[in-house]
Amino acid sequence: MRYDLTVQELTPEMLTGFFVGWPNPPNVQTHLKMLKNSSYIVLAIDNEENMVVGFITAISDDVLSAYIPFLEVLPEYQHKGIGRELVERMLKQLEGLYMIDLICDDKLESFYSSFQMTKSLAMIKRNYNRQSGL
Ligand SMILES: CC(C)(COP(=O)(O)OP(=O)(O)OC[C@H]1O[C@@H](n2cnc3c(N)ncnc32)[C@H](O)[C@@H]1OP(=O)(O)O)[C@@H](O)C(=O)NCCC(=O)NCCS
């Protein structure tokens, strides 16, 4: 396993299998565009398969704030510590900032609490007809 902070050497095909359970997921080309347009990324790459197996993104003003919209590890690679590694490496990149926010399900509260994150109230808006990004 290796962890990359850039999209250099990445092809769309290396991003197959993400957005599990999404009714209308982004395709691999759109996923690559999201990674390119993010302020910060960390990719977990299986060296033997030459496939991305986990990723995390952040968008930031690089002054005070960052938001982490995506963290996902492919199902067959979960519970091996890859998610934790991705979060740790992302928080390292963001450590100079005042506020770092994300939204998660209740079941992940203890996971994020272990990174000294605290629970808050979020307000969200979703345009489901734009879920694929196309
Ligand atoms: C959340 C996610 C990224 C964690 O990835 P991972 O590589 O399995 O994480 P780790 O192996 O580092 O897990 C560390 C610990 O976090 C907790 N944890 C991880 N995923 C969890 C889940 N889905 N539910 C409850 N606890 C979870 C567990 O305590 C886990 O320890 P364990 O493997 O001994 O049970 C992965 O489950 C995933 O991709 N889920 C679908 C997408 C998602 O929910 N993303 C989060 C958006 S905020």
# chains A, B, ... in the order shown; residues from 1 in each chain; ligands from 1
$ residues_near_ligand --ligand "ligand 1" --cutoff "9 Å" --atoms "only C-alpha atoms and all ligand atoms" --output "NGL selection string"
:A and (18-21 or 54-56 or 68-75 or 77-87 or 102-112 or 114)
$ select_by_dssp --residues "chain A" --states "helix (DSSP H, G or I)" --output "PyMOL selection string"
chain A and resi 12-15+28-37+75-77+82-93+106-113+128-130
$ select_by_dssp --residues "range 33-118 of chain A" --states "strand (DSSP E or B)" --output "PDB file with N, CA, C and O atoms, in the first residue's frame"
ATOM      1  N   TYR A  40      -6.957  19.482  -1.241  1.00  0.00           N
ATOM      2  CA  TYR A  40      -6.052  18.463  -0.710  1.00  0.00           C
ATOM      3  C   TYR A  40      -6.675  17.091  -0.924  1.00  0.00           C
ATOM      4  O   TYR A  40      -7.897  16.952  -0.801  1.00  0.00           O
ATOM      5  N   ILE A  41      -5.843  16.119  -1.214  1.00  0.00           N
ATOM      6  CA  ILE A  41      -6.322  14.740  -1.308  1.00  0.00           C
ATOM      7  C   ILE A  41      -5.298  13.805  -0.667  1.00  0.00           C
ATOM      8  O   ILE A  41      -4.108  14.162  -0.545  1.00  0.00           O
ATOM      9  N   VAL A  42      -5.766  12.653  -0.259  1.00  0.00           N
ATOM     10  CA  VAL A  42      -4.867  11.535   0.043  1.00  0.00           C
ATOM     11  C   VAL A  42      -5.490  10.311  -0.625  1.00  0.00           C
ATOM     12  O   VAL A  42      -6.693  10.070  -0.488  1.00  0.00           O
ATOM     13  N   LEU A  43      -4.659   9.579  -1.360  1.00  0.00           N
ATOM     14  CA  LEU A  43      -5.089   8.363  -2.043  1.00  0.00           C
ATOM     15  C   LEU A  43      -4.366   7.170  -1.434  1.00  0.00           C
ATOM     16  O   LEU A  43      -3.149   7.222  -1.235  1.00  0.00           O
ATOM     17  N   ALA A  44      -5.130   6.108  -1.144  1.00  0.00           N
ATOM     18  CA  ALA A  44      -4.504   4.833  -0.758  1.00  0.00           C
ATOM     19  C   ALA A  44      -4.474   3.965  -2.011  1.00  0.00           C
ATOM     20  O   ALA A  44      -5.518   3.717  -2.622  1.00  0.00           O
ATOM     21  N   ILE A  45      -3.281   3.526  -2.392  1.00  0.00           N
ATOM     22  CA  ILE A  45      -3.123   2.780  -3.642  1.00  0.00           C
ATOM     23  C   ILE A  45      -2.524   1.402  -3.356  1.00  0.00           C
ATOM     24  O   ILE A  45      -1.481   1.287  -2.695  1.00  0.00           O
ATOM     25  N   ASP A  46      -3.222   0.367  -3.835  1.00  0.00           N
ATOM     26  CA  ASP A  46      -2.707  -0.998  -3.750  1.00  0.00           C
ATOM     27  C   ASP A  46      -1.647  -1.149  -4.839  1.00  0.00           C
ATOM     28  O   ASP A  46      -1.966  -1.135  -6.030  1.00  0.00           O
ATOM     29  N   MET A  51      -4.361   0.000  -8.176  1.00  0.00           N
ATOM     30  CA  MET A  51      -5.716   0.552  -8.066  1.00  0.00           C
ATOM     31  C   MET A  51      -5.819   1.414  -6.809  1.00  0.00           C
ATOM     32  O   MET A  51      -5.213   1.082  -5.778  1.00  0.00           O
ATOM     33  N   VAL A  52      -6.600   2.478  -6.924  1.00  0.00           N
ATOM     34  CA  VAL A  52      -6.918   3.266  -5.734  1.00  0.00           C
ATOM     35  C   VAL A  52      -7.936   2.470  -4.916  1.00  0.00           C
ATOM     36  O   VAL A  52      -8.961   2.023  -5.448  1.00  0.00           O
ATOM     37  N   VAL A  53      -7.683   2.293  -3.636  1.00  0.00           N
ATOM     38  CA  VAL A  53      -8.594   1.516  -2.783  1.00  0.00           C
ATOM     39  C   VAL A  53      -9.204   2.378  -1.675  1.00  0.00           C
ATOM     40  O   VAL A  53     -10.083   1.922  -0.933  1.00  0.00           O
ATOM     41  N   GLY A  54      -8.737   3.622  -1.575  1.00  0.00           N
ATOM     42  CA  GLY A  54      -9.316   4.542  -0.598  1.00  0.00           C
ATOM     43  C   GLY A  54      -8.921   5.958  -0.944  1.00  0.00           C
ATOM     44  O   GLY A  54      -7.875   6.187  -1.557  1.00  0.00           O
ATOM     45  N   PHE A  55      -9.792   6.906  -0.586  1.00  0.00           N
ATOM     46  CA  PHE A  55      -9.449   8.315  -0.842  1.00  0.00           C
ATOM     47  C   PHE A  55     -10.150   9.216   0.152  1.00  0.00           C
ATOM     48  O   PHE A  55     -11.190   8.857   0.727  1.00  0.00           O
ATOM     49  N   ILE A  56      -9.560  10.385   0.352  1.00  0.00           N
ATOM     50  CA  ILE A  56     -10.164  11.445   1.166  1.00  0.00           C
ATOM     51  C   ILE A  56      -9.853  12.764   0.473  1.00  0.00           C
ATOM     52  O   ILE A  56      -8.782  12.919  -0.122  1.00  0.00           O
ATOM     53  N   THR A  57     -10.835  13.685   0.497  1.00  0.00           N
ATOM     54  CA  THR A  57     -10.617  14.993  -0.119  1.00  0.00           C
ATOM     55  C   THR A  57     -10.925  16.090   0.891  1.00  0.00           C
ATOM     56  O   THR A  57     -11.697  15.896   1.834  1.00  0.00           O
ATOM     57  N   ALA A  58     -10.339  17.273   0.658  1.00  0.00           N
ATOM     58  CA  ALA A  58     -10.698  18.470   1.421  1.00  0.00           C
ATOM     59  C   ALA A  58     -10.707  19.661   0.480  1.00  0.00           C
ATOM     60  O   ALA A  58      -9.897  19.736  -0.454  1.00  0.00           O
ATOM     61  N   ILE A  59     -11.656  20.560   0.736  1.00  0.00           N
ATOM     62  CA  ILE A  59     -11.646  21.850   0.046  1.00  0.00           C
ATOM     63  C   ILE A  59     -11.410  22.921   1.109  1.00  0.00           C
ATOM     64  O   ILE A  59     -11.948  22.835   2.215  1.00  0.00           O
ATOM     65  N   SER A  60     -10.580  23.903   0.754  1.00  0.00           N
ATOM     66  CA  SER A  60     -10.106  24.835   1.783  1.00  0.00           C
ATOM     67  C   SER A  60      -9.872  26.226   1.239  1.00  0.00           C
ATOM     68  O   SER A  60      -9.539  26.390   0.056  1.00  0.00           O
ATOM     69  N   SER A  65     -10.180  27.776   7.097  1.00  0.00           N
ATOM     70  CA  SER A  65     -11.141  26.666   7.107  1.00  0.00           C
ATOM     71  C   SER A  65     -10.895  25.610   6.043  1.00  0.00           C
ATOM     72  O   SER A  65     -10.335  25.893   4.975  1.00  0.00           O
ATOM     73  N   ALA A  66     -11.358  24.412   6.373  1.00  0.00           N
ATOM     74  CA  ALA A  66     -11.374  23.312   5.399  1.00  0.00           C
ATOM     75  C   ALA A  66     -12.592  22.445   5.669  1.00  0.00           C
ATOM     76  O   ALA A  66     -13.035  22.299   6.811  1.00  0.00           O
ATOM     77  N   TYR A  67     -13.126  21.880   4.610  1.00  0.00           N
ATOM     78  CA  TYR A  67     -14.246  20.951   4.716  1.00  0.00           C
ATOM     79  C   TYR A  67     -13.840  19.644   4.038  1.00  0.00           C
ATOM     80  O   TYR A  67     -13.252  19.651   2.950  1.00  0.00           O
ATOM     81  N   ILE A  68     -14.158  18.549   4.701  1.00  0.00           N
ATOM     82  CA  ILE A  68     -13.830  17.219   4.169  1.00  0.00           C
ATOM     83  C   ILE A  68     -15.113  16.588   3.638  1.00  0.00           C
ATOM     84  O   ILE A  68     -15.927  16.078   4.409  1.00  0.00           O
ATOM     85  N   PRO A  69     -15.349  16.648   2.316  1.00  0.00           N
ATOM     86  CA  PRO A  69     -16.599  16.105   1.791  1.00  0.00           C
ATOM     87  C   PRO A  69     -16.600  14.594   1.601  1.00  0.00           C
ATOM     88  O   PRO A  69     -17.655  13.969   1.658  1.00  0.00           O
ATOM     89  N   PHE A  70     -15.428  14.001   1.352  1.00  0.00           N
ATOM     90  CA  PHE A  70     -15.405  12.578   0.992  1.00  0.00           C
ATOM     91  C   PHE A  70     -14.299  11.800   1.699  1.00  0.00           C
ATOM     92  O   PHE A  70     -13.139  12.240   1.732  1.00  0.00           O
ATOM     93  N   LEU A  71     -14.699  10.666   2.220  1.00  0.00           N
ATOM     94  CA  LEU A  71     -13.763   9.634   2.696  1.00  0.00           C
ATOM     95  C   LEU A  71     -14.399   8.310   2.341  1.00  0.00           C
ATOM     96  O   LEU A  71     -15.550   8.062   2.712  1.00  0.00           O
ATOM     97  N   GLU A  72     -13.684   7.475   1.618  1.00  0.00           N
ATOM     98  CA  GLU A  72     -14.227   6.147   1.296  1.00  0.00           C
ATOM     99  C   GLU A  72     -13.092   5.155   1.099  1.00  0.00           C
ATOM    100  O   GLU A  72     -12.076   5.470   0.459  1.00  0.00           O
ATOM    101  N   VAL A  73     -13.296   3.972   1.646  1.00  0.00           N
ATOM    102  CA  VAL A  73     -12.385   2.844   1.431  1.00  0.00           C
ATOM    103  C   VAL A  73     -13.210   1.735   0.787  1.00  0.00           C
ATOM    104  O   VAL A  73     -14.342   1.453   1.231  1.00  0.00           O
ATOM    105  N   MET A  99     -10.443  25.789  11.477  1.00  0.00           N
ATOM    106  CA  MET A  99     -11.624  24.918  11.539  1.00  0.00           C
ATOM    107  C   MET A  99     -11.607  23.864  10.441  1.00  0.00           C
ATOM    108  O   MET A  99     -11.348  24.161   9.280  1.00  0.00           O
ATOM    109  N   ILE A 100     -11.856  22.640  10.848  1.00  0.00           N
ATOM    110  CA  ILE A 100     -11.880  21.495   9.929  1.00  0.00           C
ATOM    111  C   ILE A 100     -13.182  20.751  10.196  1.00  0.00           C
ATOM    112  O   ILE A 100     -13.388  20.226  11.296  1.00  0.00           O
ATOM    113  N   ASP A 101     -14.061  20.741   9.207  1.00  0.00           N
ATOM    114  CA  ASP A 101     -15.417  20.224   9.404  1.00  0.00           C
ATOM    115  C   ASP A 101     -15.718  19.062   8.457  1.00  0.00           C
ATOM    116  O   ASP A 101     -15.182  19.013   7.345  1.00  0.00           O
TER     117      ASP A 101
END
$ atom_distance --atom1 "CA of Arg2 in chain A" --atom2 "CA of Gly96 in chain A"
24.4 Å
$ residues_around --residues "Asn129 in chain A" --least-positions-apart "3" --cutoff "12 Å" --atoms "only C-alpha atoms" --output "PyMOL selection string"
chain A and resi 23-26+126+132-134
$ closest_residue --among "A:Arg89, A:Gln29, A:Trp22, A:Ser113" --to "Tyr128 in chain A" --atoms "only C-alpha atoms"
A:Trp22
$ atom_distance --atom1 "CA of Met90 in chain A" --atom2 "CA of Met34 in chain A"
16.1 Å
$ decode --residues "range 75-101 of chain A" --atoms "N, CA, C and O atoms" --output "mmCIF file, in the first residue's frame"
data_model
loop_
_atom_site.group_PDB
_atom_site.id
_atom_site.type_symbol
_atom_site.label_atom_id
_atom_site.label_comp_id
_atom_site.auth_asym_id
_atom_site.auth_seq_id
_atom_site.Cartn_x
_atom_site.Cartn_y
_atom_site.Cartn_z
ATOM 1 N N PRO A 75 -15.000 -1.651 -0.046
ATOM 2 C CA PRO A 75 -15.458 -2.617 0.966
ATOM 3 C C PRO A 75 -14.443 -3.706 1.308
ATOM 4 O O PRO A 75 -14.225 -4.014 2.480
ATOM 5 N N GLU A 76 -13.800 -4.283 0.279
ATOM 6 C CA GLU A 76 -12.886 -5.405 0.544
ATOM 7 C C GLU A 76 -11.579 -4.971 1.225
ATOM 8 O O GLU A 76 -10.777 -5.816 1.644
ATOM 9 N N TYR A 77 -11.372 -3.658 1.343
ATOM 10 C CA TYR A 77 -10.162 -3.142 1.993
ATOM 11 C C TYR A 77 -10.472 -2.485 3.343
ATOM 12 O O TYR A 77 -9.578 -1.945 3.983
ATOM 13 N N GLN A 78 -11.753 -2.505 3.751
ATOM 14 C CA GLN A 78 -12.119 -1.857 5.015
ATOM 15 C C GLN A 78 -11.656 -2.667 6.219
ATOM 16 O O GLN A 78 -11.344 -3.838 6.114
ATOM 17 N N HIS A 79 -11.592 -2.007 7.369
ATOM 18 C CA HIS A 79 -11.201 -2.603 8.653
ATOM 19 C C HIS A 79 -9.761 -3.102 8.633
ATOM 20 O O HIS A 79 -9.425 -4.092 9.272
ATOM 21 N N LYS A 80 -8.931 -2.423 7.862
ATOM 22 C CA LYS A 80 -7.492 -2.727 7.858
ATOM 23 C C LYS A 80 -6.687 -1.508 8.289
ATOM 24 O O LYS A 80 -5.461 -1.491 8.152
ATOM 25 N N GLY A 81 -7.366 -0.455 8.727
ATOM 26 C CA GLY A 81 -6.654 0.753 9.171
ATOM 27 C C GLY A 81 -6.421 1.777 8.080
ATOM 28 O O GLY A 81 -5.778 2.810 8.324
ATOM 29 N N ILE A 82 -6.930 1.517 6.874
ATOM 30 C CA ILE A 82 -6.690 2.444 5.761
ATOM 31 C C ILE A 82 -7.454 3.761 5.970
ATOM 32 O O ILE A 82 -6.900 4.855 5.758
ATOM 33 N N GLY A 83 -8.708 3.672 6.433
ATOM 34 C CA GLY A 83 -9.487 4.889 6.686
ATOM 35 C C GLY A 83 -8.810 5.784 7.709
ATOM 36 O O GLY A 83 -8.701 7.000 7.525
ATOM 37 N N ARG A 84 -8.346 5.170 8.785
ATOM 38 C CA ARG A 84 -7.632 5.939 9.824
ATOM 39 C C ARG A 84 -6.389 6.610 9.253
ATOM 40 O O ARG A 84 -6.109 7.763 9.530
ATOM 41 N N GLU A 85 -5.639 5.884 8.442
ATOM 42 C CA GLU A 85 -4.411 6.419 7.830
ATOM 43 C C GLU A 85 -4.741 7.612 6.923
ATOM 44 O O GLU A 85 -4.032 8.627 6.923
ATOM 45 N N LEU A 86 -5.824 7.491 6.154
ATOM 46 C CA LEU A 86 -6.233 8.584 5.258
ATOM 47 C C LEU A 86 -6.590 9.827 6.058
ATOM 48 O O LEU A 86 -6.172 10.943 5.719
ATOM 49 N N VAL A 87 -7.364 9.654 7.138
ATOM 50 C CA VAL A 87 -7.754 10.811 7.961
ATOM 51 C C VAL A 87 -6.516 11.432 8.608
ATOM 52 O O VAL A 87 -6.341 12.659 8.593
ATOM 53 N N GLU A 88 -5.641 10.604 9.158
ATOM 54 C CA GLU A 88 -4.433 11.137 9.808
ATOM 55 C C GLU A 88 -3.593 11.943 8.828
ATOM 56 O O GLU A 88 -3.120 13.043 9.139
ATOM 57 N N ARG A 89 -3.413 11.418 7.619
ATOM 58 C CA ARG A 89 -2.584 12.117 6.633
ATOM 59 C C ARG A 89 -3.266 13.390 6.147
ATOM 60 O O ARG A 89 -2.592 14.382 5.830
ATOM 61 N N MET A 90 -4.600 13.392 6.060
ATOM 62 C CA MET A 90 -5.306 14.615 5.685
ATOM 63 C C MET A 90 -5.197 15.660 6.799
ATOM 64 O O MET A 90 -4.889 16.834 6.539
ATOM 65 N N LEU A 91 -5.434 15.264 8.058
ATOM 66 C CA LEU A 91 -5.363 16.224 9.161
ATOM 67 C C LEU A 91 -3.965 16.817 9.280
ATOM 68 O O LEU A 91 -3.805 17.984 9.649
ATOM 69 N N LYS A 92 -2.962 16.054 8.932
ATOM 70 C CA LYS A 92 -1.583 16.565 8.933
ATOM 71 C C LYS A 92 -1.444 17.702 7.918
ATOM 72 O O LYS A 92 -0.825 18.739 8.206
ATOM 73 N N GLN A 93 -2.047 17.519 6.738
ATOM 74 C CA GLN A 93 -1.978 18.574 5.715
ATOM 75 C C GLN A 93 -2.747 19.819 6.144
ATOM 76 O O GLN A 93 -2.417 20.930 5.727
ATOM 77 N N LEU A 94 -3.771 19.650 6.992
ATOM 78 C CA LEU A 94 -4.662 20.752 7.368
ATOM 79 C C LEU A 94 -4.315 21.332 8.735
ATOM 80 O O LEU A 94 -5.049 22.187 9.244
ATOM 81 N N GLU A 95 -3.209 20.912 9.336
ATOM 82 C CA GLU A 95 -3.003 21.207 10.757
ATOM 83 C C GLU A 95 -2.816 22.693 11.061
ATOM 84 O O GLU A 95 -3.000 23.105 12.201
ATOM 85 N N GLY A 96 -2.517 23.525 10.068
ATOM 86 C CA GLY A 96 -2.364 24.957 10.330
ATOM 87 C C GLY A 96 -3.674 25.730 10.339
ATOM 88 O O GLY A 96 -3.685 26.935 10.607
ATOM 89 N N LEU A 97 -4.762 25.074 10.059
ATOM 90 C CA LEU A 97 -6.045 25.779 9.904
ATOM 91 C C LEU A 97 -6.841 25.809 11.212
ATOM 92 O O LEU A 97 -6.678 24.954 12.079
ATOM 93 N N TYR A 98 -7.733 26.787 11.308
ATOM 94 C CA TYR A 98 -8.560 26.978 12.501
ATOM 95 C C TYR A 98 -9.687 25.944 12.566
ATOM 96 O O TYR A 98 -9.904 25.313 13.585
ATOM 97 N N MET A 99 -10.443 25.789 11.477
ATOM 98 C CA MET A 99 -11.624 24.918 11.539
ATOM 99 C C MET A 99 -11.607 23.864 10.441
ATOM 100 O O MET A 99 -11.348 24.161 9.280
ATOM 101 N N ILE A 100 -11.856 22.640 10.848
ATOM 102 C CA ILE A 100 -11.880 21.495 9.929
ATOM 103 C C ILE A 100 -13.182 20.751 10.196
ATOM 104 O O ILE A 100 -13.388 20.226 11.296
ATOM 105 N N ASP A 101 -14.061 20.741 9.207
ATOM 106 C CA ASP A 101 -15.417 20.224 9.404
ATOM 107 C C ASP A 101 -15.718 19.062 8.457
ATOM 108 O O ASP A 101 -15.182 19.013 7.345
#
